[in-house]
file query-v6.cif (mmCIF, C-alpha atoms)
data_start
loop_
_atom_site.label_atom_id
_atom_site.label_comp_id
_atom_site.auth_asym_id
_atom_site.auth_seq_id
_atom_site.Cartn_x
_atom_site.Cartn_y
_atom_site.Cartn_z
CA MET M 196 115.76 -53.30 67.38
CA SER M 197 117.15 -49.99 68.63
CA ASN M 198 115.65 -48.47 71.75
CA ARG M 199 116.76 -45.01 70.67
CA PRO M 200 113.93 -42.44 71.11
CA LEU M 201 112.77 -40.69 67.99
CA ILE M 202 112.97 -37.22 69.57
CA SER M 203 115.16 -35.76 72.31
CA VAL M 204 113.62 -32.67 73.89
CA ILE M 205 116.31 -30.49 75.49
CA VAL M 206 115.03 -28.04 78.11
CA PRO M 207 117.59 -25.60 79.59
CA ILE M 208 116.49 -24.45 83.04
CA TYR M 209 117.63 -21.42 84.99
CA ASN M 210 115.41 -19.86 87.67
CA VAL M 211 112.06 -20.30 85.92
CA GLN M 212 110.14 -21.67 88.91
CA ASN M 213 107.12 -19.42 88.33
CA TRP M 214 106.52 -20.73 84.79
CA LEU M 215 108.04 -24.19 84.87
CA THR M 216 104.91 -26.15 85.81
CA ALA M 217 103.08 -24.89 82.71
CA CYS M 218 106.01 -26.02 80.55
CA LEU M 219 106.09 -29.46 82.17
CA ASP M 220 102.33 -29.89 81.81
CA SER M 221 102.63 -29.22 78.08
CA LEU M 222 105.44 -31.77 77.76
CA ALA M 223 103.42 -34.38 79.65
CA ALA M 224 100.43 -33.77 77.36
CA GLN M 225 102.29 -34.63 74.15
CA ALA M 226 100.58 -37.07 71.80
CA PHE M 227 103.95 -38.64 70.98
CA ASP M 228 105.47 -41.57 72.83
CA SER M 229 109.00 -42.12 71.51
CA VAL M 230 110.64 -39.26 73.33
CA GLU M 231 113.23 -38.46 75.97
CA ILE M 232 113.22 -35.18 77.86
CA LEU M 233 116.55 -33.83 79.06
CA PHE M 234 116.26 -31.05 81.63
CA VAL M 235 119.59 -29.26 81.91
CA ASN M 236 119.45 -27.44 85.25
CA ASP M 237 121.96 -24.66 84.76
CA GLY M 238 122.62 -23.91 88.42
CA SER M 239 119.13 -22.69 89.34
CA THR M 240 118.90 -21.06 92.75
CA ASP M 241 115.09 -20.96 93.04
CA GLY M 242 112.81 -23.98 93.37
CA SER M 243 113.20 -25.15 89.78
CA GLU M 244 115.36 -28.18 90.63
CA LYS M 245 112.78 -29.54 93.09
CA ILE M 246 110.00 -29.27 90.49
CA LEU M 247 112.18 -31.05 87.90
CA ASN M 248 113.03 -33.89 90.28
CA GLU M 249 109.36 -34.44 91.10
CA PHE M 250 108.47 -34.52 87.40
CA SER M 251 111.29 -36.91 86.47
CA ALA M 252 110.28 -39.24 89.32
CA THR M 253 106.84 -39.55 87.72
CA TYR M 254 107.89 -39.70 84.05
CA SER M 255 110.56 -42.32 83.35
CA HIS M 256 111.51 -40.72 80.01
CA ALA M 257 112.49 -37.44 81.74
CA HIS M 258 116.00 -36.93 83.11
CA VAL M 259 117.58 -34.07 85.06
CA ILE M 260 121.17 -33.03 84.33
CA ASN M 261 122.65 -30.63 86.88
CA GLN M 262 125.54 -28.30 86.09
CA LEU M 263 127.08 -25.11 87.44
CA HIS M 264 125.57 -21.97 85.97
CA SER M 265 127.25 -21.56 82.57
CA GLY M 266 124.63 -19.86 80.42
CA LEU M 267 121.94 -20.87 77.95
CA ALA M 268 124.29 -21.89 75.14
CA ALA M 269 126.34 -24.12 77.44
CA ALA M 270 123.17 -25.77 78.78
CA ARG M 271 122.03 -26.57 75.26
CA ALA M 272 125.46 -27.94 74.42
CA THR M 273 125.24 -30.26 77.42
CA GLY M 274 121.86 -31.49 76.26
CA VAL M 275 122.99 -32.13 72.69
CA ALA M 276 126.00 -34.09 73.92
CA GLN M 277 123.77 -36.46 75.88
CA ALA M 278 120.78 -36.64 73.51
CA ARG M 279 120.07 -40.07 72.02
CA GLY M 280 117.17 -39.20 69.72
CA GLU M 281 117.06 -39.36 65.95
CA TYR M 282 115.86 -35.76 66.15
CA ILE M 283 116.57 -32.95 68.61
CA THR M 284 114.36 -30.05 69.61
CA PHE M 285 114.73 -27.28 72.18
CA VAL M 286 112.07 -25.97 74.55
CA ASP M 287 112.74 -23.16 77.02
CA GLY M 288 111.58 -23.72 80.58
CA ASP M 289 109.24 -20.70 80.62
CA ASP M 290 107.56 -21.58 77.31
CA THR M 291 104.90 -24.16 76.42
CA ILE M 292 104.01 -26.28 73.37
CA SER M 293 100.71 -27.49 71.94
CA PRO M 294 99.71 -31.16 72.56
CA GLU M 295 100.36 -32.09 68.93
CA TYR M 296 103.67 -30.22 68.74
CA LEU M 297 106.13 -33.14 68.65
CA ALA M 298 103.87 -35.36 66.55
CA ALA M 299 103.34 -32.63 63.95
CA LEU M 300 107.07 -31.86 63.74
CA TYR M 301 107.98 -35.52 63.35
CA GLN M 302 105.30 -36.22 60.75
CA THR M 303 106.45 -33.25 58.69
CA ALA M 304 110.03 -34.50 58.85
CA GLN M 305 108.93 -37.93 57.65
CA ASP M 306 106.74 -36.58 54.86
CA THR M 307 109.34 -34.14 53.49
CA ARG M 308 112.62 -35.86 54.47
CA ALA M 309 113.81 -32.42 55.56
CA PRO M 310 116.59 -32.36 58.18
CA LEU M 311 115.22 -29.10 59.61
CA VAL M 312 111.54 -28.56 60.40
CA VAL M 313 110.32 -25.21 61.69
CA ALA M 314 107.22 -24.47 63.77
CA PRO M 315 105.55 -21.08 64.22
CA LEU M 316 106.48 -19.24 67.42
CA ILE M 317 103.39 -17.71 68.98
CA LYS M 318 104.41 -14.86 71.27
CA PHE M 319 102.34 -14.23 74.38
CA ALA M 320 102.37 -12.60 77.80
CA GLY M 321 100.17 -13.82 80.61
CA GLU M 322 97.75 -16.55 79.55
CA ILE M 323 98.39 -18.81 76.56
CA PRO M 324 96.28 -17.43 73.68
CA MET M 325 93.29 -19.48 72.53
CA GLN M 326 93.21 -17.76 69.15
CA PHE M 327 96.20 -16.77 67.04
CA SER M 328 97.30 -16.55 63.43
CA VAL M 329 100.12 -18.48 61.79
CA PRO M 330 102.55 -16.31 59.75
CA PRO M 331 102.24 -16.65 55.93
CA LEU M 332 105.72 -18.17 55.68
CA PHE M 333 104.47 -21.41 57.26
CA LYS M 334 101.98 -22.00 54.48
CA GLY M 335 104.78 -22.40 51.95
CA GLY M 336 105.54 -26.09 52.54
CA GLU M 337 109.32 -26.31 52.20
CA LEU M 338 112.41 -24.44 51.01
CA SER M 339 115.58 -25.75 49.41
CA GLY M 340 118.60 -24.36 47.58
CA LYS M 341 118.56 -20.61 47.08
CA LYS M 342 114.92 -20.42 48.17
CA ARG M 343 116.06 -20.96 51.76
CA VAL M 344 116.63 -17.20 51.81
CA ASN M 345 112.87 -16.79 52.27
CA ILE M 346 113.03 -18.09 55.84
CA PHE M 347 114.45 -14.72 56.89
CA GLU M 348 111.09 -13.10 56.13
CA ASP M 349 110.10 -14.26 59.62
CA GLY M 350 112.67 -13.30 62.22
CA SER M 351 111.52 -15.81 64.83
CA ALA M 352 111.51 -18.68 62.36
CA ALA M 353 115.01 -17.83 61.20
CA MET M 354 116.95 -16.80 64.28
CA ALA M 355 115.47 -18.80 67.18
CA LEU M 356 116.60 -22.30 68.14
CA CYS M 357 113.28 -23.10 69.79
CA GLY M 358 110.52 -24.13 67.42
CA LYS M 359 112.82 -26.33 65.33
CA LEU M 360 113.15 -30.09 64.88
CA ILE M 361 116.72 -30.94 63.93
CA ALA M 362 117.85 -34.26 62.47
CA ARG M 363 120.61 -35.86 64.52
CA GLU M 364 123.03 -35.82 61.57
CA LEU M 365 122.46 -32.09 61.05
CA ALA M 366 122.80 -31.28 64.75
CA HIS M 367 126.15 -33.04 64.91
CA LYS M 368 127.52 -30.98 62.02
CA LEU M 369 127.45 -27.96 64.32
CA THR M 370 129.78 -27.07 67.16
CA TRP M 371 127.65 -26.62 70.29
CA GLN M 372 129.50 -24.72 72.99
CA ALA M 373 129.25 -21.98 75.60
CA SER M 374 128.86 -18.46 74.28
CA THR M 375 130.73 -15.32 75.27
CA LEU M 376 127.61 -13.25 74.53
CA SER M 377 125.39 -12.11 77.40
CA ASN M 378 122.35 -12.86 75.22
CA ALA M 379 121.57 -13.43 71.51
CA GLU M 380 123.24 -16.86 71.72
CA ASP M 381 120.69 -18.35 69.30
CA ILE M 382 121.63 -16.28 66.28
CA ALA M 383 124.87 -17.94 65.17
CA PRO M 384 123.78 -21.60 65.65
CA ALA M 385 120.40 -20.88 64.05
CA ALA M 386 122.16 -19.42 61.00
CA ALA M 387 124.44 -22.46 60.92
CA LEU M 388 121.40 -24.77 60.85
CA ILE M 389 119.87 -22.87 57.95
CA SER M 390 123.19 -22.90 56.15
CA ARG M 391 123.78 -26.64 56.64
CA ALA M 392 120.23 -27.88 55.96
CA ASP M 393 119.69 -28.77 52.31
CA LYS M 394 115.93 -28.54 52.86
CA ILE M 395 113.76 -26.67 55.38
CA ALA M 396 110.16 -27.73 55.95
CA PHE M 397 107.38 -25.99 57.88
CA ALA M 398 104.90 -27.50 60.32
CA PRO M 399 102.04 -24.98 60.70
CA ASN M 400 100.15 -27.25 63.12
CA ALA M 401 103.04 -27.48 65.60
CA HIS M 402 102.53 -24.48 67.84
CA TYR M 403 105.32 -23.20 70.09
CA PHE M 404 104.15 -20.61 72.64
CA TYR M 405 107.00 -18.18 73.34
CA ARG M 406 106.50 -16.29 76.60
CA GLN M 407 107.47 -12.61 76.58
CA ARG M 408 109.13 -11.54 79.84
CA GLU M 409 110.97 -8.28 80.29
CA ASN M 410 113.37 -9.89 82.77
CA SER M 411 114.08 -12.97 80.67
CA GLN M 412 117.58 -13.63 79.38
CA SER M 413 116.69 -12.44 75.87
CA HIS M 414 115.14 -9.20 77.15
CA SER M 415 117.57 -8.19 79.89
CA GLY M 416 121.23 -7.96 80.76
CA GLU M 417 124.02 -5.54 80.06
CA LYS M 418 125.13 -4.63 76.56
CA ARG M 419 122.13 -6.22 74.88
CA PHE M 420 122.66 -4.20 71.73
CA ILE M 421 126.33 -5.14 71.43
CA SER M 422 125.50 -8.83 71.99
CA LEU M 423 122.80 -8.62 69.33
CA ALA M 424 125.19 -7.09 66.79
CA GLU M 425 127.99 -9.51 67.63
CA GLY M 426 125.62 -12.46 67.33
CA PHE M 427 124.71 -11.44 63.80
CA LEU M 428 128.32 -10.76 62.88
CA GLN M 429 129.24 -14.26 64.07
CA ALA M 430 126.36 -15.67 62.05
CA ARG M 431 127.50 -13.84 58.92
CA ASN M 432 130.98 -15.32 59.30
CA ILE M 433 129.46 -18.80 59.57
CA LEU M 434 127.49 -18.31 56.35
CA LYS M 435 130.65 -17.17 54.59
CA GLN M 436 132.64 -20.12 55.94
CA HIS M 437 129.96 -22.51 54.70
CA GLY M 438 129.86 -20.83 51.27
CA THR M 439 126.15 -19.96 51.57
CA TYR M 440 126.37 -16.24 52.22
CA THR M 441 125.81 -15.19 48.61
CA ASP M 442 122.57 -17.18 48.38
CA LEU M 443 121.27 -16.05 51.77
CA ALA M 444 122.64 -12.49 52.02
CA ALA M 445 119.50 -10.62 50.91
CA GLY M 446 117.39 -12.21 53.63
CA PHE M 447 120.06 -12.43 56.31
CA GLU M 448 121.13 -8.78 56.00
CA TYR M 449 117.49 -7.73 56.00
CA ILE M 450 116.76 -9.37 59.34
CA PHE M 451 120.12 -8.15 60.69
CA ARG M 452 119.23 -4.53 59.93
CA VAL M 453 115.65 -4.95 61.15
CA ALA M 454 116.98 -6.20 64.49
CA LEU M 455 119.53 -3.39 64.93
CA CYS M 456 117.32 -0.52 63.81
CA SER M 457 114.25 -1.72 65.71
CA PHE M 458 116.30 -2.00 68.90
CA MET M 459 117.70 1.51 68.54
CA GLU M 460 114.31 3.00 67.74
CA LYS M 461 112.64 1.32 70.72
CA TYR M 462 115.29 1.46 73.44
CA GLY M 463 117.96 3.86 72.27
CA ILE M 464 121.63 3.03 72.81
CA THR M 465 124.40 4.18 75.10
CA GLY M 466 127.53 6.08 74.22
CA GLU M 467 129.50 2.83 74.45
CA GLU M 468 127.13 1.20 71.98
CA GLU M 469 127.39 4.18 69.63
CA GLN M 470 131.17 3.72 69.75
CA PHE M 471 130.72 0.02 68.96
CA LEU M 472 128.88 0.99 65.78
CA ARG M 473 131.65 3.37 64.77
CA THR M 474 134.35 0.79 65.48
CA HIS M 475 132.57 -1.86 63.42
CA ARG M 476 131.29 0.43 60.68
CA ASP M 477 133.07 -1.49 57.91
CA GLU M 478 131.67 -4.84 59.07
CA LEU M 479 128.15 -3.41 59.34
CA GLN M 480 128.06 -2.04 55.82
CA ILE M 481 126.66 -4.28 53.10
CA PRO M 482 126.93 -4.44 49.30
CA PRO M 483 124.93 -1.79 47.40
CA GLY M 484 121.62 -3.02 46.05
CA THR M 485 121.05 -5.63 48.76
CA PHE M 486 117.73 -4.00 49.70
CA ALA M 487 116.73 -2.89 46.20
CA THR M 488 113.40 -4.75 46.27
CA ARG M 489 112.44 -3.71 49.81
CA PRO M 490 109.77 -1.06 50.48
CA LEU M 491 110.78 2.60 50.29
CA LYS M 492 110.28 3.20 54.03
CA PHE M 493 112.73 0.42 54.87
CA ARG M 494 115.29 1.65 52.32
CA LEU M 495 115.05 5.16 53.76
CA ARG M 496 115.76 3.82 57.25
CA GLN M 497 118.82 2.02 55.88
CA TYR M 498 120.03 5.13 54.09
CA LEU M 499 119.94 6.99 57.39
CA PHE M 500 121.64 4.11 59.17
CA GLU M 501 124.44 4.03 56.58
CA LYS M 502 124.93 7.77 57.02
CA SER M 503 125.06 7.39 60.79
CA LEU M 504 127.83 4.79 60.46
CA LYS M 505 129.94 7.44 58.78
CA GLY M 506 129.60 9.61 61.86
CA SER M 507 127.24 12.22 60.48
CA PHE M 508 124.73 11.78 63.33
CA SER M 509 123.30 9.26 65.79
CA TYR M 510 120.67 7.05 64.13
CA SER M 511 119.13 6.25 67.49
CA ARG M 512 118.68 9.85 68.55
CA LEU M 513 117.49 10.96 65.12
CA MET M 514 114.78 8.29 64.87
CA ARG M 515 113.53 8.91 68.39
CA PHE M 516 113.38 12.65 67.65
CA LEU M 517 111.43 12.01 64.45
CA ARG M 518 109.04 9.71 66.30
CA ARG M 519 108.33 12.41 68.91
CA LEU M 520 107.95 15.02 66.18
CA PHE M 521 105.40 13.03 64.18
CA TYR M 522 103.59 12.00 67.36
CA ARG M 523 103.05 15.66 68.27
CA ALA M 524 101.99 16.64 64.74
#
call {"tool": "encode", "arguments": {"input": "query-v6.cif", "output": "structure tokens"}}
result
Amino acid sequence: MSNRPLISVIVPIYNVQNWLTACLDSLAAQAFDSVEILFVNDGSTDGSEKILNEFSATYSHAHVINQLHSGLAAARATGVAQARGEYITFVDGDDTISPEYLAALYQTAQDTRAPLVVAPLIKFAGEIPMQFSVPPLFKGGELSGKKRVNIFEDGSAAMALCGKLIARELAHKLTWQASTLSNAEDIAPAAALISRADKIAFAPNAHYFYRQRENSQSHSGEKRFISLAEGFLQARNILKQHGTYTDLAAGFEYIFRVALCSFMEKYGITGEEEQFLRTHRDELQIPPGTFATRPLKFRLRQYLFEKSLKGSFSYSRLMRFLRRLFYRA
């Protein structure tokens, strides 16, 4: 009889000392026994390593892997290479999971035979919320074939690596490696998972609590906008290479544009980032009619964005001006 654990939990760690104990407590509280936990300490310089060593000394199924600081994507690649489980899941060191998280993911995988199971990501800042709502997408059961496009109706469900249970066979179809992006490393591999999975199932009772920190890797760093755009462009190329772009384009391009426009409207962009848009204008344009069924407000935003790509004006500055104008009205 194989002693392989059913689930390998891969936890990349980099300077999350202040939130790490809460994460470890949630892992220790899991109502699921057949598990290994792989902490990939990516060169932390705070007290994270000490906390990990103390935890692994108490829990025999937890192991610490130390490496020089190489980034989130490289840490995950290290974990995947050493994972022995029939399934793989990722948890970030500053996040937490509900006690039934692993059990609910695994049961859903067994019931549906889906190689990719997705849990709702509950965003929070401060204390873990006691009450929250699960997005409508997670009440849909499962998606297969062309219906997989519907996963893009929830950006977190589609483009995050956390909150997913991945069958070993599916995980090993992907190339896990370090990323050249300063952030947004999840986008391309998440798109690859959606592209490769013949069925996607949802586990509404598996709750992943995603901590919102302004200084976290996904919310800080230089050239965030350029990394975001490049991550989506890489993901699009993956979908085309896999031959799934046509089926998934309507949803993928929707979330791509939502991400770009929302960033510009909230933060604005630099002159260098404006130049990036101009340089990549051809790659950023999409086939006419892609958003034909979307609401008028969204289509108007995309019309303005398309015009801005042609150099008529700055989308970022225009939208921020309009926001100030309507706010004063």
call {"tool": "residues_around", "arguments": {"input": "query-v6.cif", "residues": "stretch 200-205 of chain M", "least_positions_apart": "6", "cutoff": "9 Å", "atoms": "only C-alpha atoms", "output": "PDB file with C-alpha atoms, in the coordinates of the input"}}
result
ATOM      1  CA  ASP M 228     105.470 -41.570  72.830  1.00  0.00           C
ATOM      2  CA  SER M 229     109.000 -42.120  71.510  1.00  0.00           C
ATOM      3  CA  VAL M 230     110.640 -39.260  73.330  1.00  0.00           C
ATOM      4  CA  GLU M 231     113.230 -38.460  75.970  1.00  0.00           C
ATOM      5  CA  ILE M 232     113.220 -35.180  77.860  1.00  0.00           C
ATOM      6  CA  LEU M 233     116.550 -33.830  79.060  1.00  0.00           C
ATOM      7  CA  PHE M 234     116.260 -31.050  81.630  1.00  0.00           C
ATOM      8  CA  VAL M 235     119.590 -29.260  81.910  1.00  0.00           C
ATOM      9  CA  ALA M 270     123.170 -25.770  78.780  1.00  0.00           C
ATOM     10  CA  ARG M 271     122.030 -26.570  75.260  1.00  0.00           C
ATOM     11  CA  GLY M 274     121.860 -31.490  76.260  1.00  0.00           C
ATOM     12  CA  VAL M 275     122.990 -32.130  72.690  1.00  0.00           C
ATOM     13  CA  ALA M 278     120.780 -36.640  73.510  1.00  0.00           C
ATOM     14  CA  ARG M 279     120.070 -40.070  72.020  1.00  0.00           C
ATOM     15  CA  GLY M 280     117.170 -39.200  69.720  1.00  0.00           C
ATOM     16  CA  GLU M 281     117.060 -39.360  65.950  1.00  0.00           C
ATOM     17  CA  TYR M 282     115.860 -35.760  66.150  1.00  0.00           C
ATOM     18  CA  ILE M 283     116.570 -32.950  68.610  1.00  0.00           C
ATOM     19  CA  THR M 284     114.360 -30.050  69.610  1.00  0.00           C
ATOM     20  CA  PHE M 285     114.730 -27.280  72.180  1.00  0.00           C
ATOM     21  CA  VAL M 286     112.070 -25.970  74.550  1.00  0.00           C
ATOM     22  CA  ASP M 287     112.740 -23.160  77.020  1.00  0.00           C
ATOM     23  CA  LEU M 297     106.130 -33.140  68.650  1.00  0.00           C
ATOM     24  CA  TYR M 301     107.980 -35.520  63.350  1.00  0.00           C
ATOM     25  CA  LEU M 360     113.150 -30.090  64.880  1.00  0.00           C
TER      26      LEU M 360
END
call {"tool": "closest_atom_pairs", "arguments": {"input": "query-v6.cif", "of": "stretch 370-452 of chain M", "to": "stretch 330-349 of chain M", "cutoff": "7 Å", "atoms": "all atoms listed in the file", "output": "JSON lines"}}
result
{"residue": "M:Asp393", "atom": "CA", "partner": "M:Ser339", "partner_atom": "CA", "distance": 5.9}
{"residue": "M:Lys394", "atom": "CA", "partner": "M:Ser339", "partner_atom": "CA", "distance": 4.5}
{"residue": "M:Ile395", "atom": "CA", "partner": "M:Leu338", "partner_atom": "CA", "distance": 5.1}
{"residue": "M:Ala396", "atom": "CA", "partner": "M:Glu337", "partner_atom": "CA", "distance": 4.1}
{"residue": "M:Phe397", "atom": "CA", "partner": "M:Phe333", "partner_atom": "CA", "distance": 5.5}
{"residue": "M:Ala398", "atom": "CA", "partner": "M:Phe333", "partner_atom": "CA", "distance": 6.8}
{"residue": "M:Pro399", "atom": "CA", "partner": "M:Phe333", "partner_atom": "CA", "distance": 5.5}
{"residue": "M:Asp442", "atom": "CA", "partner": "M:Lys341", "partner_atom": "CA", "distance": 5.4}
{"residue": "M:Leu443", "atom": "CA", "partner": "M:Val344", "partner_atom": "CA", "distance": 4.8}
{"residue": "M:Gly446", "atom": "CA", "partner": "M:Phe347", "partner_atom": "CA", "distance": 5.1}
{"residue": "M:Phe447", "atom": "CA", "partner": "M:Phe347", "partner_atom": "CA", "distance": 6.1}
{"residue": "M:Ile450", "atom": "CA", "partner": "M:Phe347", "partner_atom": "CA", "distance": 6.3}
call {"tool": "residues_near_point", "arguments": {"input": "query-v6.cif", "point": "(118.1, 0.5, 67.2)", "cutoff": "10 Å", "atoms": "all atoms listed in the file", "output": "number ranges by chain"}}
result
M: 420, 452-464, 500, 510-512, 514-515
call {"tool": "axis_aligned_box", "arguments": {"input": "query-v6.cif", "around": "stretch 366-384 of chain M", "padding_each_side": "5 Å", "output": "AutoDock Vina command-line options"}}
result
--center_x 125.7 --center_y -22.6 --center_z 69.7 --size_x 20.0 --size_y 30.9 --size_z 25.4
call {"tool": "atom_distance", "arguments": {"input": "query-v6.cif", "atom1": "atom CA of M:Phe493", "atom2": "atom CA of M:Thr439"}}
result
24.6 Å
call {"tool": "residues_around", "arguments": {"input": "query-v6.cif", "residues": "M:Leu423", "least_positions_apart": "5", "cutoff": "12 Å", "atoms": "all atoms listed in the file", "output": "PDB file with C-alpha atoms, in the coordinates of the input"}}
result
ATOM      1  CA  MET M 354     116.950 -16.800  64.280  1.00  0.00           C
ATOM      2  CA  THR M 375     130.730 -15.320  75.270  1.00  0.00           C
ATOM      3  CA  LEU M 376     127.610 -13.250  74.530  1.00  0.00           C
ATOM      4  CA  SER M 377     125.390 -12.110  77.400  1.00  0.00           C
ATOM      5  CA  ASN M 378     122.350 -12.860  75.220  1.00  0.00           C
ATOM      6  CA  ALA M 379     121.570 -13.430  71.510  1.00  0.00           C
ATOM      7  CA  GLU M 380     123.240 -16.860  71.720  1.00  0.00           C
ATOM      8  CA  ASP M 381     120.690 -18.350  69.300  1.00  0.00           C
ATOM      9  CA  ILE M 382     121.630 -16.280  66.280  1.00  0.00           C
ATOM     10  CA  ALA M 383     124.870 -17.940  65.170  1.00  0.00           C
ATOM     11  CA  SER M 413     116.690 -12.440  75.870  1.00  0.00           C
ATOM     12  CA  HIS M 414     115.140  -9.200  77.150  1.00  0.00           C
ATOM     13  CA  SER M 415     117.570  -8.190  79.890  1.00  0.00           C
ATOM     14  CA  GLY M 416     121.230  -7.960  80.760  1.00  0.00           C
ATOM     15  CA  GLU M 417     124.020  -5.540  80.060  1.00  0.00           C
ATOM     16  CA  LYS M 418     125.130  -4.630  76.560  1.00  0.00           C
ATOM     17  CA  LEU M 428     128.320 -10.760  62.880  1.00  0.00           C
ATOM     18  CA  GLN M 429     129.240 -14.260  64.070  1.00  0.00           C
ATOM     19  CA  ALA M 430     126.360 -15.670  62.050  1.00  0.00           C
ATOM     20  CA  ILE M 450     116.760  -9.370  59.340  1.00  0.00           C
ATOM     21  CA  PHE M 451     120.120  -8.150  60.690  1.00  0.00           C
ATOM     22  CA  ARG M 452     119.230  -4.530  59.930  1.00  0.00           C
ATOM     23  CA  VAL M 453     115.650  -4.950  61.150  1.00  0.00           C
ATOM     24  CA  ALA M 454     116.980  -6.200  64.490  1.00  0.00           C
ATOM     25  CA  LEU M 455     119.530  -3.390  64.930  1.00  0.00           C
ATOM     26  CA  CYS M 456     117.320  -0.520  63.810  1.00  0.00           C
ATOM     27  CA  SER M 457     114.250  -1.720  65.710  1.00  0.00           C
ATOM     28  CA  PHE M 458     116.300  -2.000  68.900  1.00  0.00           C
ATOM     29  CA  MET M 459     117.700   1.510  68.540  1.00  0.00           C
ATOM     30  CA  GLU M 468     127.130   1.200  71.980  1.00  0.00           C
ATOM     31  CA  PHE M 471     130.720   0.020  68.960  1.00  0.00           C
ATOM     32  CA  LEU M 472     128.880   0.990  65.780  1.00  0.00           C
TER      33      LEU M 472
END
call {"tool": "residues_around", "arguments": {"input": "query-v6.cif", "residues": "stretch 478-492 of chain M", "least_positions_apart": "2", "cutoff": "10 Å", "atoms": "all atoms listed in the file", "output": "PyMOL selection string"}}
result
chain M and resi 424+427-428+431+444-446+448-449+451-452+472-476+494-498+500-501+504
call {"tool": "residues_around", "arguments": {"input": "query-v6.cif", "residues": "M:Ala373", "least_positions_apart": "4", "cutoff": "10 Å", "atoms": "only C-alpha atoms", "output": "PyMOL selection string"}}
result
chain M and resi 265-273+380
call {"tool": "write_last_selection", "arguments": {"input": "query-v6.cif", "atoms": "C-alpha atoms", "output": "tab-separated table (two decimals), in the frame of the given file"}}
result
chain	number	residue	atom	x	y	z
M	265	SER	CA	127.25	-21.56	82.57
M	266	GLY	CA	124.63	-19.86	80.42
M	267	LEU	CA	121.94	-20.87	77.95
M	268	ALA	CA	124.29	-21.89	75.14
M	269	ALA	CA	126.34	-24.12	77.44
M	270	ALA	CA	123.17	-25.77	78.78
M	271	ARG	CA	122.03	-26.57	75.26
M	272	ALA	CA	125.46	-27.94	74.42
M	273	THR	CA	125.24	-30.26	77.42
M	380	GLU	CA	123.24	-16.86	71.72
call {"tool": "residues_around", "arguments": {"input": "query-v6.cif", "residues": "M:Val211", "least_positions_apart": "6", "cutoff": "8 Å", "atoms": "all atoms listed in the file", "output": "PyMOL selection string"}}
result
chain M and resi 241+243+288-289
call {"tool": "atom_distance", "arguments": {"input": "query-v6.cif", "atom1": "atom CA of M:Leu300", "atom2": "atom CA of M:Ala385"}}
result
17.3 Å
call {"tool": "resolve_selection", "arguments": {"input": "query-v6.cif", "expression": "the PyMOL selection byres ((chain M and resi 369) around 9)", "output": "ChimeraX atom specification"}}
result
/M:365-368,370-371,384,387-388,391
call {"tool": "atom_distance", "arguments": {"input": "query-v6.cif", "atom1": "atom CA of M:Glu295", "atom2": "atom CA of M:Glu322"}}
result
19.0 Å
call {"tool": "closest_residue", "arguments": {"input": "query-v6.cif", "among": "M:Gln277, M:Thr291, M:Ala352, M:Thr303", "to": "M:Pro315", "atoms": "only C-alpha atoms"}}
result
M:Ala352
call {"tool": "closest_residue", "arguments": {"input": "query-v6.cif", "among": "M:Thr465, M:Ser221, M:Gln470, M:Asn213", "to": "M:Ser293", "atoms": "all atoms listed in the file"}}
result
M:Ser221
call {"tool": "closest_residue", "arguments": {"input": "query-v6.cif", "among": "M:Leu499, M:Ile292, M:Ala386, M:Ile208", "to": "M:Lys318", "atoms": "all atoms listed in the file"}}
result
M:Ile292
call {"tool": "closest_residue", "arguments": {"input": "query-v6.cif", "among": "M:Ser239, M:Val312, M:Val206, M:Gln305", "to": "M:Ala257", "atoms": "all atoms listed in the file"}}
result
M:Val206
